[in-house]
file input.pdb (PDB, C-alpha atoms and all ligand atoms)
ATOM      1  CA  MET C  53      15.105  -9.213   5.338
ATOM      2  CA  LYS C  54      16.808  -6.749   2.977
ATOM      3  CA  LYS C  55      17.672  -3.263   4.239
ATOM      4  CA  ASN C  56      16.432  -1.096   1.367
ATOM      5  CA  LYS C  57      13.610  -3.161  -0.044
ATOM      6  CA  ILE C  58      10.042  -1.830  -0.145
ATOM      7  CA  SER C  59       6.963  -3.708  -1.335
ATOM      8  CA  PHE C  60       3.706  -2.139  -2.480
ATOM      9  CA  ILE C  61       0.412  -3.974  -1.943
ATOM     10  CA  VAL C  62      -2.118  -2.169  -4.120
ATOM     11  CA  GLY C  63      -5.708  -3.238  -3.589
ATOM     12  CA  ALA C  64      -7.479  -1.400  -6.388
ATOM     13  CA  ALA C  65      -9.817  -3.093  -8.856
ATOM     14  CA  SER C  66      -9.709  -0.574 -11.705
ATOM     15  CA  LEU C  67      -7.284  -0.729 -14.619
ATOM     16  CA  THR C  68      -7.171   3.096 -14.608
ATOM     17  CA  SER C  69      -6.712   3.215 -10.861
ATOM     18  CA  LYS C  70      -5.604   6.431  -9.170
ATOM     19  CA  SER C  71      -4.264   4.303  -6.310
ATOM     20  CA  VAL C  72      -1.934   2.673  -8.835
ATOM     21  CA  VAL C  73      -0.927   6.072 -10.294
ATOM     22  CA  LEU C  74      -0.209   7.416  -6.798
ATOM     23  CA  SER C  75       1.744   4.271  -5.918
ATOM     24  CA  LYS C  76       3.774   4.365  -9.156
ATOM     25  CA  HIS C  77       4.594   8.038  -8.504
ATOM     26  CA  ILE C  78       5.912   7.101  -5.044
ATOM     27  CA  GLN C  79       7.671   4.036  -6.456
ATOM     28  CA  LYS C  80       9.686   6.301  -8.790
ATOM     29  CA  ILE C  81      10.682   8.650  -5.943
ATOM     30  CA  LEU C  82      11.855   5.704  -3.840
ATOM     31  CA  GLN C  83      13.737   4.073  -6.719
ATOM     32  CA  ASP C  84      15.446   7.405  -7.478
ATOM     33  CA  ARG C  85      16.573   7.386  -3.834
ATOM     34  CA  GLY C  86      18.142   3.946  -4.344
ATOM     35  CA  TYR C  87      15.441   1.671  -2.912
ATOM     36  CA  GLU C  88      14.558  -1.678  -4.462
ATOM     37  CA  VAL C  89      10.797  -1.776  -5.025
ATOM     38  CA  GLU C  90       8.390  -4.676  -5.587
ATOM     39  CA  PHE C  91       4.849  -4.001  -6.724
ATOM     40  CA  PHE C  92       1.811  -6.249  -6.180
ATOM     41  CA  ASN C  93      -1.098  -4.835  -8.162
ATOM     42  CA  GLN C  94      -4.354  -6.608  -7.360
ATOM     43  CA  ALA C  95      -6.101  -5.061 -10.391
ATOM     44  CA  THR C  96      -3.852  -6.820 -12.869
ATOM     45  CA  GLU C  97      -2.582  -9.821 -10.901
ATOM     46  CA  PRO C  98      -5.049 -10.522  -8.108
ATOM     47  CA  LEU C  99      -4.079 -13.133  -5.565
ATOM     48  CA  PRO C 100      -6.553 -16.018  -5.415
ATOM     49  CA  LEU C 101      -9.338 -15.688  -2.872
ATOM     50  CA  LEU C 102      -8.001 -17.073   0.398
ATOM     51  CA  THR C 103      -9.631 -20.376   1.302
ATOM     52  CA  ASP C 104      -8.495 -23.149   3.622
ATOM     53  CA  GLU C 105      -7.572 -25.252   0.587
ATOM     54  CA  ILE C 106      -5.346 -22.593  -1.060
ATOM     55  CA  TYR C 107      -3.806 -21.623   2.280
ATOM     56  CA  LYS C 108      -2.682 -25.219   2.814
ATOM     57  CA  ASN C 109      -1.586 -25.720  -0.810
ATOM     58  CA  PRO C 110      -0.348 -22.298  -1.933
ATOM     59  CA  VAL C 111       0.434 -21.709  -5.608
ATOM     60  CA  PRO C 112       3.807 -20.055  -6.524
ATOM     61  CA  GLN C 113       2.145 -16.632  -6.917
ATOM     62  CA  ILE C 114       1.210 -16.758  -3.222
ATOM     63  CA  THR C 115       4.526 -18.075  -1.895
ATOM     64  CA  ASP C 116       6.361 -15.442  -3.967
ATOM     65  CA  PHE C 117       4.104 -12.729  -2.477
ATOM     66  CA  ILE C 118       4.613 -13.923   1.112
ATOM     67  CA  GLU C 119       8.378 -14.328   0.720
ATOM     68  CA  THR C 120       8.789 -10.938  -0.959
ATOM     69  CA  ILE C 121       6.878  -9.170   1.803
ATOM     70  CA  ASP C 122       8.854 -11.056   4.494
ATOM     71  CA  ASP C 123      12.076 -10.000   2.736
ATOM     72  CA  SER C 124      11.106  -6.292   2.615
ATOM     73  CA  SER C 125      12.131  -3.804   5.283
ATOM     74  CA  GLY C 126       9.251  -1.458   4.424
ATOM     75  CA  ILE C 127       5.719  -1.953   3.128
ATOM     76  CA  ILE C 128       3.255   0.381   1.436
ATOM     77  CA  ILE C 129      -0.425  -0.508   1.300
ATOM     78  CA  ALA C 130      -2.580   1.442  -1.155
ATOM     79  CA  THR C 131      -6.340   1.152  -1.320
ATOM     80  CA  PRO C 132      -9.312   2.970  -2.779
ATOM     81  CA  VAL C 133     -12.102   3.824  -0.335
ATOM     82  CA  TYR C 134     -14.939   1.387  -0.986
ATOM     83  CA  HIS C 135     -18.079   1.890   1.112
ATOM     84  CA  ASN C 136     -16.247   3.826   3.805
ATOM     85  CA  SER C 137     -13.466   1.262   4.134
ATOM     86  CA  PHE C 138     -10.545  -0.443   2.400
ATOM     87  CA  THR C 139     -11.192  -2.912  -0.416
ATOM     88  CA  GLY C 140     -11.706  -6.643  -0.177
ATOM     89  CA  LEU C 141      -8.776  -7.038  -2.575
ATOM     90  CA  VAL C 142      -6.384  -5.427  -0.136
ATOM     91  CA  LYS C 143      -7.734  -7.455   2.795
ATOM     92  CA  ASN C 144      -7.483 -10.693   0.831
ATOM     93  CA  ALA C 145      -3.814  -9.998   0.086
ATOM     94  CA  ILE C 146      -2.998  -8.982   3.667
ATOM     95  CA  ASP C 147      -4.665 -12.109   5.044
ATOM     96  CA  TYR C 148      -1.932 -14.266   3.483
ATOM     97  CA  LEU C 149       0.825 -12.531   5.439
ATOM     98  CA  ASN C 150       2.920 -13.597   8.422
ATOM     99  CA  LYS C 151       3.683 -11.297  11.347
ATOM    100  CA  GLN C 152       6.113  -8.655  10.112
ATOM    101  CA  ASN C 153       8.569  -8.097  12.963
ATOM    102  CA  TYR C 154       7.527  -4.429  13.496
ATOM    103  CA  LYS C 155       8.656  -3.233  10.075
ATOM    104  CA  PRO C 156       7.166   0.127   9.030
ATOM    105  CA  VAL C 157       4.131   0.376   6.800
ATOM    106  CA  GLY C 158       2.902   3.451   4.945
ATOM    107  CA  ILE C 159      -0.752   3.716   3.971
ATOM    108  CA  LEU C 160      -2.153   5.388   0.842
ATOM    109  CA  SER C 161      -5.794   5.779  -0.116
ATOM    110  CA  THR C 162      -7.863   7.388  -2.843
ATOM    111  CA  ASP C 163     -11.521   8.304  -2.968
ATOM    112  CA  SER C 164     -13.965  10.189  -5.128
ATOM    113  CA  GLY C 165     -13.696  13.564  -3.375
ATOM    114  CA  ASN C 166     -14.047  13.470   0.395
ATOM    115  CA  LYS C 167     -10.337  13.032   1.240
ATOM    116  CA  SER C 168     -11.634  10.384   3.562
ATOM    117  CA  MET C 169      -9.336   8.836   6.181
ATOM    118  CA  GLN C 170     -11.710   5.919   6.671
ATOM    119  CA  ALA C 171      -9.800   3.262   4.729
ATOM    120  CA  ALA C 172      -6.439   4.393   6.126
ATOM    121  CA  ASP C 173      -7.779   4.511   9.690
ATOM    122  CA  GLN C 174      -9.476   1.152   9.408
ATOM    123  CA  LEU C 175      -6.260  -0.445   8.187
ATOM    124  CA  LEU C 176      -4.505   0.506  11.447
ATOM    125  CA  PRO C 177      -5.841  -2.345  13.619
ATOM    126  CA  VAL C 178      -5.273  -4.748  10.721
ATOM    127  CA  VAL C 179      -1.607  -3.876  10.267
ATOM    128  CA  ARG C 180      -1.042  -3.838  14.024
ATOM    129  CA  SER C 181      -2.323  -7.397  14.264
ATOM    130  CA  LEU C 182       0.424  -8.297  11.776
ATOM    131  CA  HIS C 183       3.062  -6.540  13.917
ATOM    132  CA  MET C 184       3.687  -3.821  11.356
ATOM    133  CA  THR C 185       4.479  -0.291  12.556
ATOM    134  CA  PRO C 186       2.236   2.240  10.783
ATOM    135  CA  ILE C 187       4.028   5.526  10.066
ATOM    136  CA  PRO C 188       2.158   8.686  11.147
ATOM    137  CA  THR C 189       1.808  10.324   7.706
ATOM    138  CA  ARG C 190      -0.790   8.816   5.418
ATOM    139  CA  VAL C 191      -1.535  10.063   1.906
ATOM    140  CA  CYS C 192      -5.218  10.309   1.056
ATOM    141  CA  ALA C 193      -5.796  11.543  -2.505
ATOM    142  CA  VAL C 194      -8.965  12.480  -4.388
ATOM    143  CA  LYS C 195     -10.063  12.655  -8.009
ATOM    144  CA  ASN C 196      -9.200  16.372  -8.373
ATOM    145  CA  ASP C 197      -5.594  15.768  -7.345
ATOM    146  CA  PHE C 198      -5.138  14.216 -10.826
ATOM    147  CA  ASP C 199      -5.645  15.668 -14.310
ATOM    148  CA  ASP C 200      -7.384  13.843 -17.175
ATOM    149  CA  SER C 201      -4.192  12.033 -18.113
ATOM    150  CA  LEU C 202      -3.834  10.897 -14.468
ATOM    151  CA  GLN C 203      -0.860  13.122 -13.627
ATOM    152  CA  ILE C 204      -0.736  14.443 -10.060
ATOM    153  CA  VAL C 205      -1.462  18.174 -10.270
ATOM    154  CA  ASN C 206      -1.972  19.177  -6.631
ATOM    155  CA  PRO C 207       1.280  20.648  -5.232
ATOM    156  CA  LYS C 208       0.103  20.064  -1.646
ATOM    157  CA  LEU C 209      -0.301  16.358  -2.415
ATOM    158  CA  LYS C 210       3.233  16.281  -3.825
ATOM    159  CA  GLU C 211       4.539  17.864  -0.602
ATOM    160  CA  ARG C 212       2.742  15.265   1.468
ATOM    161  CA  ILE C 213       4.111  12.462  -0.709
ATOM    162  CA  SER C 214       7.607  13.782  -0.098
ATOM    163  CA  LEU C 215       7.030  13.801   3.673
ATOM    164  CA  PHE C 216       5.562  10.285   3.440
ATOM    165  CA  CYS C 217       8.683   9.004   1.635
ATOM    166  CA  ASP C 218      11.023  10.733   4.116
ATOM    167  CA  GLU C 219       9.144   9.276   7.063
ATOM    168  CA  LEU C 220       8.877   5.732   5.716
ATOM    169  CA  THR C 221      12.580   5.538   4.879
ATOM    170  CA  TRP C 222      13.553   7.120   8.234
ATOM    171  CA  TYR C 223      11.525   4.453  10.074
ATOM    172  CA  MET C 224      13.031   1.750   7.860
ATOM    173  CA  ASP C 225      16.573   2.854   8.723
ATOM    174  CA  LYS C 226      15.904   3.124  12.468
ATOM    175  CA  LEU C 227      13.992  -0.115  12.874
ATOM    176  CA  TYR C 228      16.384  -2.079  10.661
ATOM    177  CA  GLU C 229      19.399  -0.819  12.605
ATOM    178  CA  ASP C 230      17.771  -1.709  15.932
ATOM    179  CA  LYS C 231      17.207  -5.272  14.771
ATOM    180  CA  GLN C 232      20.850  -5.863  13.719
TER     181      GLN C 232
HETATM  182  C1  LIG C 301     -17.659  -0.271  -4.843
HETATM  183  C2  LIG C 301     -17.211   1.155  -4.678
HETATM  184  C3  LIG C 301     -17.476   1.810  -3.494
HETATM  185  C4  LIG C 301     -17.041   3.126  -3.308
HETATM  186  N1  LIG C 301     -17.286   3.733  -2.119
HETATM  187  C5  LIG C 301     -16.814   4.990  -1.906
HETATM  188  C6  LIG C 301     -16.995   5.627  -0.640
HETATM  189  O1  LIG C 301     -17.547   5.078   0.283
HETATM  190  N2  LIG C 301     -16.500   6.895  -0.482
HETATM  191  C7  LIG C 301     -15.859   7.558  -1.501
HETATM  192  O2  LIG C 301     -15.433   8.696  -1.307
HETATM  193  N3  LIG C 301     -15.665   6.967  -2.713
HETATM  194  C8  LIG C 301     -16.123   5.707  -2.923
HETATM  195  N4  LIG C 301     -15.905   5.093  -4.134
HETATM  196  C9  LIG C 301     -15.137   5.807  -5.157
HETATM  197  C10 LIG C 301     -13.668   5.390  -5.127
HETATM  198  O3  LIG C 301     -13.112   5.489  -3.831
HETATM  199  C11 LIG C 301     -12.860   6.299  -6.046
HETATM  200  O4  LIG C 301     -13.363   6.227  -7.347
HETATM  201  C12 LIG C 301     -11.394   5.910  -6.004
HETATM  202  O5  LIG C 301     -10.631   6.899  -6.652
HETATM  203  C13 LIG C 301     -11.163   4.593  -6.703
HETATM  204  O6  LIG C 301      -9.798   4.277  -6.606
HETATM  205  P1  LIG C 301      -8.986   3.780  -7.860
HETATM  206  O7  LIG C 301      -9.001   4.906  -8.863
HETATM  207  O8  LIG C 301      -7.650   3.474  -7.321
HETATM  208  O9  LIG C 301      -9.699   2.565  -8.369
HETATM  209  C14 LIG C 301     -16.366   3.802  -4.339
HETATM  210  C15 LIG C 301     -16.127   3.130  -5.554
HETATM  211  C16 LIG C 301     -16.532   1.827  -5.716
HETATM  212  C17 LIG C 301     -16.241   1.122  -7.017
END
call {"tool": "encode", "arguments": {"input": "input.pdb", "output": "structure tokens"}}
result
Amino acid sequence: MKKNKISFIVGAASLTSKSVVLSKHIQKILQDRGYEVEFFNQATEPLPLLTDEIYKNPVPQITDFIETIDDSSGIIIATPVYHNSFTGLVKNAIDYLNKQNYKPVGILSTDSGNKSMQAADQLLPVVRSLHMTPIPTRVCAVKNDFDDSLQIVNPKLKERISLFCDELTWYMDKLYEDKQ
């Protein structure tokens, strides 16, 4: 596992996804702070649907995904809210993973306007079953946090993103040190 490596698992379906925009915004902040970032975007490169057959005979795209996540010291999962929950795309990706040795995970979600915590909350038991440590601050964004060219325009959201990045990297440092 690498000390300063963070992987995004983005489970959006749309090619103009606000979850992707939010994730890319956070990716830039983390890279500017010196972190190595990997990005798995299910809208553009979806992992195959998990079946017994593919699980037993994984293609390189899957082994690369699993190995990259195992090698990361922090994970970010981003999902739109679909029918009061996270997306099937994000669950399909997560279902390939091994237990993660208590590494921290940050959760991002976007929805149409309710600032709903549903997807983020419902991911908690899922990530716990994979022995990930969810950080307290989640970022839940809505349509109006973005302008027409998909720039983040809500200053409060930017503040929360900053706190999210501080928290995730603090947990990464502490948990990594404890494991050495
Ligand atoms: C199948 C589907 C179900 C959705 N269900 C909800 C919902 O339950 N609550 C909500 O606030 N928005 C819902 N939305 C709207 C999306 O959460 C919203 O458009 C979000 O920004 C999409 O994320 P994206 O831009 O990353 O694709 C739904 C959208 C789709 C396509």
call {"tool": "closest_atom_pairs", "arguments": {"input": "input.pdb", "of": "segment 143-191 of chain C", "to": "segment 73-95 of chain C", "cutoff": "12 Å", "atoms": "all atoms listed in the file", "output": "Markdown table"}}
result
| residue | atom | partner | partner_atom | distance |
| --- | --- | --- | --- | --- |
| C:Lys143 | CA | C:Gln94 | CA | 10.7 |
| C:Asn144 | CA | C:Gln94 | CA | 9.7 |
| C:Ala145 | CA | C:Gln94 | CA | 8.2 |
| C:Ile146 | CA | C:Phe92 | CA | 11.3 |
| C:Gly158 | CA | C:Ser75 | CA | 11.0 |
| C:Ile159 | CA | C:Ser75 | CA | 10.2 |
| C:Leu160 | CA | C:Ser75 | CA | 7.9 |
| C:Ser161 | CA | C:Leu74 | CA | 8.9 |
| C:Thr162 | CA | C:Leu74 | CA | 8.6 |
| C:Asp163 | CA | C:Leu74 | CA | 12.0 |
| C:Val191 | CA | C:Leu74 | CA | 9.2 |
call {"tool": "closest_residue", "arguments": {"input": "input.pdb", "among": "C:Val178, C:Leu99, C:Ile106, C:Met184", "to": "Pro156 of chain C", "atoms": "only C-alpha atoms"}}
result
C:Met184
call {"tool": "closest_residue", "arguments": {"input": "input.pdb", "among": "C:Asp197, C:Glu97, C:Asp147, C:Asp123", "to": "ligand LIG 301 (chain C)", "atoms": "all atoms listed in the file"}}
result
C:Asp197
call {"tool": "residues_near_ligand", "arguments": {"input": "input.pdb", "ligand": "ligand LIG 301 (chain C)", "cutoff": "6 Å", "atoms": "all atoms listed in the file", "output": "short mmCIF file (atom, residue, chain, number, x, y, z; two decimals) with C-alpha atoms, in the frame of the given file"}}
result
data_model
loop_
_atom_site.label_atom_id
_atom_site.label_comp_id
_atom_site.auth_asym_id
_atom_site.auth_seq_id
_atom_site.Cartn_x
_atom_site.Cartn_y
_atom_site.Cartn_z
CA ALA C 64 -7.48 -1.40 -6.39
CA ALA C 65 -9.82 -3.09 -8.86
CA SER C 66 -9.71 -0.57 -11.70
CA SER C 69 -6.71 3.22 -10.86
CA LYS C 70 -5.60 6.43 -9.17
CA SER C 71 -4.26 4.30 -6.31
CA VAL C 72 -1.93 2.67 -8.84
CA PRO C 132 -9.31 2.97 -2.78
CA VAL C 133 -12.10 3.82 -0.34
CA TYR C 134 -14.94 1.39 -0.99
CA HIS C 135 -18.08 1.89 1.11
CA ASN C 136 -16.25 3.83 3.80
CA THR C 162 -7.86 7.39 -2.84
CA ASP C 163 -11.52 8.30 -2.97
CA SER C 164 -13.96 10.19 -5.13
CA GLY C 165 -13.70 13.56 -3.38
CA ASN C 166 -14.05 13.47 0.40
CA LYS C 195 -10.06 12.66 -8.01
#
call {"tool": "atom_distance", "arguments": {"input": "input.pdb", "atom1": "atom CA of Lys226 of chain C", "atom2": "atom CA of Asp122 of chain C"}}
result
17.7 Å
call {"tool": "closest_residue", "arguments": {"input": "input.pdb", "among": "C:Asn153, C:Thr96, C:Ser214, C:Ser125", "to": "Thr189 of chain C", "atoms": "all atoms listed in the file"}}
result
C:Ser214
call {"tool": "closest_residue", "arguments": {"input": "input.pdb", "among": "C:Arg180, C:Lys167, C:Arg190, C:Lys151", "to": "Ile213 of chain C", "atoms": "all atoms listed in the file"}}
result
C:Arg190
call {"tool": "atom_distance", "arguments": {"input": "input.pdb", "atom1": "atom CA of Lys208 of chain C", "atom2": "atom CA of Met169 of chain C"}}
result
16.6 Å
call {"tool": "resolve_selection", "arguments": {"input": "input.pdb", "expression": "the PyMOL selection byres (((chain C and resi 171) around 6) and not hetatm)", "output": "list in words"}}
result
Val133, Ser137, Phe138, Met169, Gln170, Ala172, Asp173 and Gln174 of chain C
call {"tool": "atom_distance", "arguments": {"input": "input.pdb", "atom1": "atom CA of Gln152 of chain C", "atom2": "atom CA of His183 of chain C"}}
result
5.3 Å
call {"tool": "closest_residue", "arguments": {"input": "input.pdb", "among": "C:Pro177, C:Pro112, C:Pro207, C:Gly140", "to": "Val62 of chain C", "atoms": "only C-alpha atoms"}}
result
C:Gly140
call {"tool": "closest_residue", "arguments": {"input": "input.pdb", "among": "C:Val205, C:Leu220, C:Leu176, C:Leu149", "to": "Tyr107 of chain C", "atoms": "all atoms listed in the file"}}
result
C:Leu149
call {"tool": "resolve_selection", "arguments": {"input": "input.pdb", "expression": "the PyMOL selection byres (((chain C and resi 55) around 10) and not hetatm)", "output": "JSON list (two decimals) with C-alpha atoms, in the coordinates of the input"}}
result
[["chain", "number", "residue", "atom", "x", "y", "z"],
["C", 53, "MET", "CA", 15.10, -9.21, 5.34],
["C", 54, "LYS", "CA", 16.81, -6.75, 2.98],
["C", 56, "ASN", "CA", 16.43, -1.10, 1.37],
["C", 57, "LYS", "CA", 13.61, -3.16, -0.04],
["C", 58, "ILE", "CA", 10.04, -1.83, -0.14],
["C", 87, "TYR", "CA", 15.44, 1.67, -2.91],
["C", 88, "GLU", "CA", 14.56, -1.68, -4.46],
["C", 123, "ASP", "CA", 12.08, -10.00, 2.74],
["C", 124, "SER", "CA", 11.11, -6.29, 2.62],
["C", 125, "SER", "CA", 12.13, -3.80, 5.28],
["C", 126, "GLY", "CA", 9.25, -1.46, 4.42],
["C", 224, "MET", "CA", 13.03, 1.75, 7.86],
["C", 225, "ASP", "CA", 16.57, 2.85, 8.72],
["C", 227, "LEU", "CA", 13.99, -0.12, 12.87],
["C", 228, "TYR", "CA", 16.38, -2.08, 10.66],
["C", 229, "GLU", "CA", 19.40, -0.82, 12.60]]
call {"tool": "build_atoms", "arguments": {"input": "input.pdb", "residues": "segment 174-205 of chain C", "atoms": "N, CA and C atoms", "output": "compact mmCIF listing (two decimals), keeping the file's coordinate frame"}}
result
# COMPACT_ATOMS: atom_id res chain seq x y z
N GLN C 174 -9.02 2.52 9.14
CA GLN C 174 -9.48 1.15 9.41
C GLN C 174 -8.40 0.10 9.14
N LEU C 175 -7.38 0.50 8.38
CA LEU C 175 -6.26 -0.44 8.19
C LEU C 175 -5.35 -0.53 9.41
N LEU C 176 -5.44 0.48 10.31
CA LEU C 176 -4.50 0.51 11.45
C LEU C 176 -4.60 -0.75 12.32
N PRO C 177 -5.80 -1.12 12.80
CA PRO C 177 -5.84 -2.35 13.62
C PRO C 177 -5.44 -3.60 12.84
N VAL C 178 -5.64 -3.58 11.54
CA VAL C 178 -5.27 -4.75 10.72
C VAL C 178 -3.75 -4.88 10.67
N VAL C 179 -3.07 -3.77 10.38
CA VAL C 179 -1.61 -3.88 10.27
C VAL C 179 -0.97 -4.11 11.64
N ARG C 180 -1.59 -3.57 12.68
CA ARG C 180 -1.04 -3.84 14.02
C ARG C 180 -1.12 -5.32 14.36
N SER C 181 -2.19 -5.96 13.95
CA SER C 181 -2.32 -7.40 14.26
C SER C 181 -1.23 -8.20 13.56
N LEU C 182 -0.67 -7.63 12.49
CA LEU C 182 0.42 -8.30 11.78
C LEU C 182 1.79 -7.79 12.23
N HIS C 183 1.82 -7.07 13.36
CA HIS C 183 3.06 -6.54 13.92
C HIS C 183 3.81 -5.69 12.89
N MET C 184 3.06 -4.86 12.18
CA MET C 184 3.69 -3.82 11.36
C MET C 184 3.58 -2.52 12.15
N THR C 185 4.49 -1.59 11.88
CA THR C 185 4.48 -0.29 12.56
C THR C 185 3.98 0.76 11.58
N PRO C 186 2.74 1.24 11.73
CA PRO C 186 2.24 2.24 10.78
C PRO C 186 2.91 3.59 11.00
N ILE C 187 3.40 4.20 9.93
CA ILE C 187 4.03 5.53 10.07
C ILE C 187 2.92 6.57 10.21
N PRO C 188 3.22 7.70 10.86
CA PRO C 188 2.16 8.69 11.15
C PRO C 188 1.53 9.31 9.89
N THR C 189 2.36 9.62 8.88
CA THR C 189 1.81 10.32 7.71
C THR C 189 1.18 9.34 6.73
N ARG C 190 -0.12 9.58 6.47
CA ARG C 190 -0.79 8.82 5.42
C ARG C 190 -1.02 9.76 4.24
N VAL C 191 -1.20 9.23 3.06
CA VAL C 191 -1.54 10.06 1.91
C VAL C 191 -2.91 9.65 1.41
N CYS C 192 -3.85 10.57 1.52
CA CYS C 192 -5.22 10.31 1.06
C CYS C 192 -5.51 11.26 -0.10
N ALA C 193 -5.62 10.72 -1.30
CA ALA C 193 -5.80 11.54 -2.50
C ALA C 193 -7.23 11.46 -3.01
N VAL C 194 -7.62 12.46 -3.79
CA VAL C 194 -8.96 12.48 -4.39
C VAL C 194 -8.85 12.72 -5.89
N LYS C 195 -10.00 12.54 -6.55
CA LYS C 195 -10.06 12.66 -8.01
C LYS C 195 -9.40 13.94 -8.53
N ASN C 196 -9.68 15.08 -7.87
CA ASN C 196 -9.20 16.37 -8.37
C ASN C 196 -7.70 16.59 -8.17
N ASP C 197 -7.05 15.67 -7.47
CA ASP C 197 -5.59 15.77 -7.34
C ASP C 197 -4.90 15.33 -8.63
N PHE C 198 -5.69 14.75 -9.57
CA PHE C 198 -5.14 14.22 -10.83
C PHE C 198 -5.77 14.96 -12.00
N ASP C 199 -5.01 15.12 -13.11
CA ASP C 199 -5.64 15.67 -14.31
C ASP C 199 -6.21 14.52 -15.15
N ASP C 200 -6.71 14.86 -16.36
CA ASP C 200 -7.38 13.84 -17.18
C ASP C 200 -6.43 12.74 -17.63
N SER C 201 -5.14 13.09 -17.71
CA SER C 201 -4.19 12.03 -18.11
C SER C 201 -3.56 11.37 -16.89
N LEU C 202 -4.22 11.55 -15.72
CA LEU C 202 -3.83 10.90 -14.47
C LEU C 202 -2.43 11.30 -13.97
N GLN C 203 -2.07 12.56 -14.25
CA GLN C 203 -0.86 13.12 -13.63
C GLN C 203 -1.29 13.81 -12.33
N ILE C 204 -0.42 13.75 -11.32
CA ILE C 204 -0.74 14.44 -10.06
C ILE C 204 -0.50 15.94 -10.26
N VAL C 205 -1.56 16.74 -10.00
CA VAL C 205 -1.46 18.17 -10.27
C VAL C 205 -1.55 19.02 -9.00
